[in-house]
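Structure first, then comments.
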Amino acid sequence: MELKDFVQNFAEQFDDTDTSEFQAGTAFRTIKEWSSLVALNIIAMIDDEYNVQVKAEDIRSSTTIEDLYNIVKTKMQQ
Amino acid sequence: MKNLIIIGARGYGRVIYNLALACQGYNTEYNIKGFLDDNTDAMDGFPNYPPVISSVETYTVQPDDVFVCALGEVESKKKYSEMILNKGGEFISLIHPTANVSTNSVYGKGCLISFNAFISADAHIGDHVTIQPFTMVGHNSVVGNWCHLDTHMFLGGYVQLEDDVTIHTGAIVHPHKKVGKGATVGAGAVVLRNVKEYTTVFGNPAMKLKTE
C-alpha cells in the first residue's frame with residue numbers, strides 16, 4: 001500500500017473538492033465538503049480497496065490523511 | 001406501414017409485445033410481424049401472440065422491417081441486436097404513453113421505455129437502452145448505450161452511466177455519481193460512491209462483491 005495511492009483514493013470520495021487540495025498532511029475535517037456521508041464513503045473505500053474494516057472511532061482519532069493511512073497499514077499487518 | 005419484429009420470444013419478449021401494442025405508433029406507423037428466436041416452439045402454450053418467424057441468425061431483413069430487442073441481459077441484447085444491425089436492420093424506440101420524458105431529454109434508437117417511467121429534465125439517454133416500469137431517471141443524467149434499468153430503480157440528478165451498465169431492481173444511485181462501463185449494481189443497492197468499470201456492487205452503502 002502506497003501513501004500516494006491512499007491519498008488519491010481518499011480524494012476520490014469528494015465530489016466538489018479539487019484533488020490538488022489533498023496531501024498526506026491535510027487535516028481532512030477542515031475541508032468544507034467533509035460530512036458524515038463522506039466519512040461513510042471513506043470507510044467503504046478502505047473496505048473495498050484494502051480489505052480492512054475501520055470504525056468511526058478510527059476516523060475520529062485521525063487528524064490528517066496520513067494518520068488514517070497508518071491505522072489502515074497497522075490493521076493490514078494484523 | 002412498417003413491420004415491427006421483436007428479438008426474443010421468451011417472457012420479456014411477450015412483455016415487449018404488449019408494450020408495442022400500447023404505444024402510439026401501433027397501427028399507424030407499424031404492425032407487429034412476429035418474433036425472432038432460435039427456439040421456434042417458444043410460443044407453445046401462449047395463445048394470442050404473433051408467430052416466431054425464425055432465428056436471428058437465419059433471418060433476412062426485409063425493406064419495411066423495423067426491430068426492437070426484448071432481451072433482459074446486456075450482453076445478449078448487444079449480441080443479437082448487432083447481428084441485425086450488421087444485416088442493415090433499423091431499430092426503433094417504443095415509449096409507453098404513460099412514460100414521461102421531460103423538456104430537453106433525449107433518447108436514441110432501439111430504446112424501450114416502459115409504463116410510468118419518469119425521465120426528468122435535460123437527461124440524455126443513448127441507444128438500445130431498456131428502461132423498465134416505475135423507474136426514475138434524474139435531471140441532467142447521462143445514460144450510455146445498451147444500459148438496462150430495472151423496475152423501481154432511481155438515478156439522482158447528474159448521474160452518469162457509461163455504456164453497458166445494468167442497474168437492478170430498486171437500486172438507488174446518489175446524485176452526481178458515475179457508474180463505469182459494463183458495471184452492475186445489484187438489487188436494492190444504494191450507490192454513494194462512483195462504481196468502477198466492470199465491477200459488481202451490492203448493499204447499502206454499495207460495496208464491491210468480493211470474489212475471494
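As shown in the C-alpha cells, the chain order sets the letters A, B, ...; within each chain, residues go from 1, and ligands are also counted from 1 in the order they appear.
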
Please identify the helix (DSSP H, G or I) residues within stretch 8-62 of chain A (assignment by DSSP from backbone atoms) and present them as a ChimeraX atom specification. /A:8-11,19-21,28-30,36-50,56-60

Residues of chain A within 8 Å of chain B, using only C-alpha atoms, as a ChimeraX atom specification? /A:13,15,41,44,48

Those same residues - N, CA and C atoms - I'd like them written as a CSV table (one decimal), in the first residue's frame.
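Written file, selection_39.csv:
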```
chain,number,residue,atom,x,y,z
A,13,GLN,N,-13.3,10.4,-3.0
A,13,GLN,CA,-14.6,10.3,-2.3
A,13,GLN,C,-15.3,11.6,-2.2
A,15,ASP,N,-16.8,15.0,-4.1
A,15,ASP,CA,-17.4,15.4,-5.4
A,15,ASP,C,-16.9,16.8,-5.9
A,41,ASN,N,-18.3,7.0,3.2
A,41,ASN,CA,-17.7,6.6,1.9
A,41,ASN,C,-16.2,6.2,2.1
A,44,ALA,N,-16.1,2.8,3.5
A,44,ALA,CA,-16.4,1.8,2.4
A,44,ALA,C,-15.3,1.7,1.4
A,48,ASP,N,-13.3,-1.7,0.5
A,48,ASP,CA,-13.2,-2.1,-0.9
A,48,ASP,C,-11.7,-2.3,-1.4
```

Just asking: which residues within stretch 8-193 of chain B are strand (DSSP E or B) according to DSSP, as a ChimeraX atom specification? /B:26,30-36,52-54,65-69,91,94-95,100-101,106-107,112-113,118-119,124-125,130-131,136-137,142-143,148-149,154-155,160-161,166-167,172-173,178-179,184-185,190-191

When you look at stretch 63-68 of chain A with a cut-off of 6 Å (counting only C-alpha atoms), what residues show up, excluding the ones that are within fewer than 5 positions of it in the same chain? I need them as a list in words.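 Final neighbour list, sorted by chain and number: Ala24, Gly25, Thr26, Ala27 and Phe28 of chain A.
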
Kindly save the residues from that selection, with N, CA and C atoms included, as a short mmCIF file (atom, residue, chain, number, x, y, z; two decimals), in the first residue's frame.
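out-v6.cif, written as the output of this step:
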```
data_model
loop_
_atom_site.label_atom_id
_atom_site.label_comp_id
_atom_site.auth_asym_id
_atom_site.auth_seq_id
_atom_site.Cartn_x
_atom_site.Cartn_y
_atom_site.Cartn_z
N ALA A 24 -0.83 14.29 2.03
CA ALA A 24 -0.76 13.37 3.17
C ALA A 24 -1.03 14.10 4.49
N GLY A 25 -0.57 15.35 4.58
CA GLY A 25 -0.70 16.09 5.83
C GLY A 25 -1.98 16.91 5.96
N THR A 26 -2.91 16.75 4.98
CA THR A 26 -4.15 17.53 5.02
C THR A 26 -5.02 17.11 6.21
N ALA A 27 -5.42 18.10 7.00
CA ALA A 27 -6.37 17.84 8.11
C ALA A 27 -7.76 17.77 7.49
N PHE A 28 -8.23 16.53 7.25
CA PHE A 28 -9.39 16.37 6.35
C PHE A 28 -10.68 16.96 6.90
#
```

At what distance in Å, to one decimal, does atom CA of B:Thr184 lie from atom CA of A:Lys4? 28.7 Å

So that I can see what lies close to B:Val185, please list as a PyMOL selection string the residues with an atom at most 6 Å from it, counting only C-alpha atoms and leaving out residues fewer than 3 positions away in the same chain. chain B and resi 167-168+200-201

Excluding A:Ile31 and any residue of its chain fewer than 6 positions from it, enumerate the residues within 10 Å of it, using only C-alpha atoms, and give them as an MDAnalysis selection string. chainID A and resid 14 17 21:22

Write out as a PDB file with C-alpha atoms, in the first residue's frame which residues come within 6 Å of stretch 48-60 of chain B when counting only C-alpha atoms, dropping same-chain ones fewer than 3 positions away.
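Final output, part_16.pdb:
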```
ATOM      1  CA  GLY B  34     -43.632 -11.522 -35.056  1.00  0.00           C
ATOM      2  CA  PHE B  35     -40.627 -12.651 -33.078  1.00  0.00           C
ATOM      3  CA  LEU B  36     -37.112 -13.845 -33.842  1.00  0.00           C
ATOM      4  CA  ASP B  37     -35.895 -16.611 -31.548  1.00  0.00           C
ATOM      5  CA  ASP B  38     -33.795 -19.725 -32.033  1.00  0.00           C
ATOM      6  CA  THR B  40     -39.290 -21.829 -32.700  1.00  0.00           C
TER       7      THR B  40
END
```
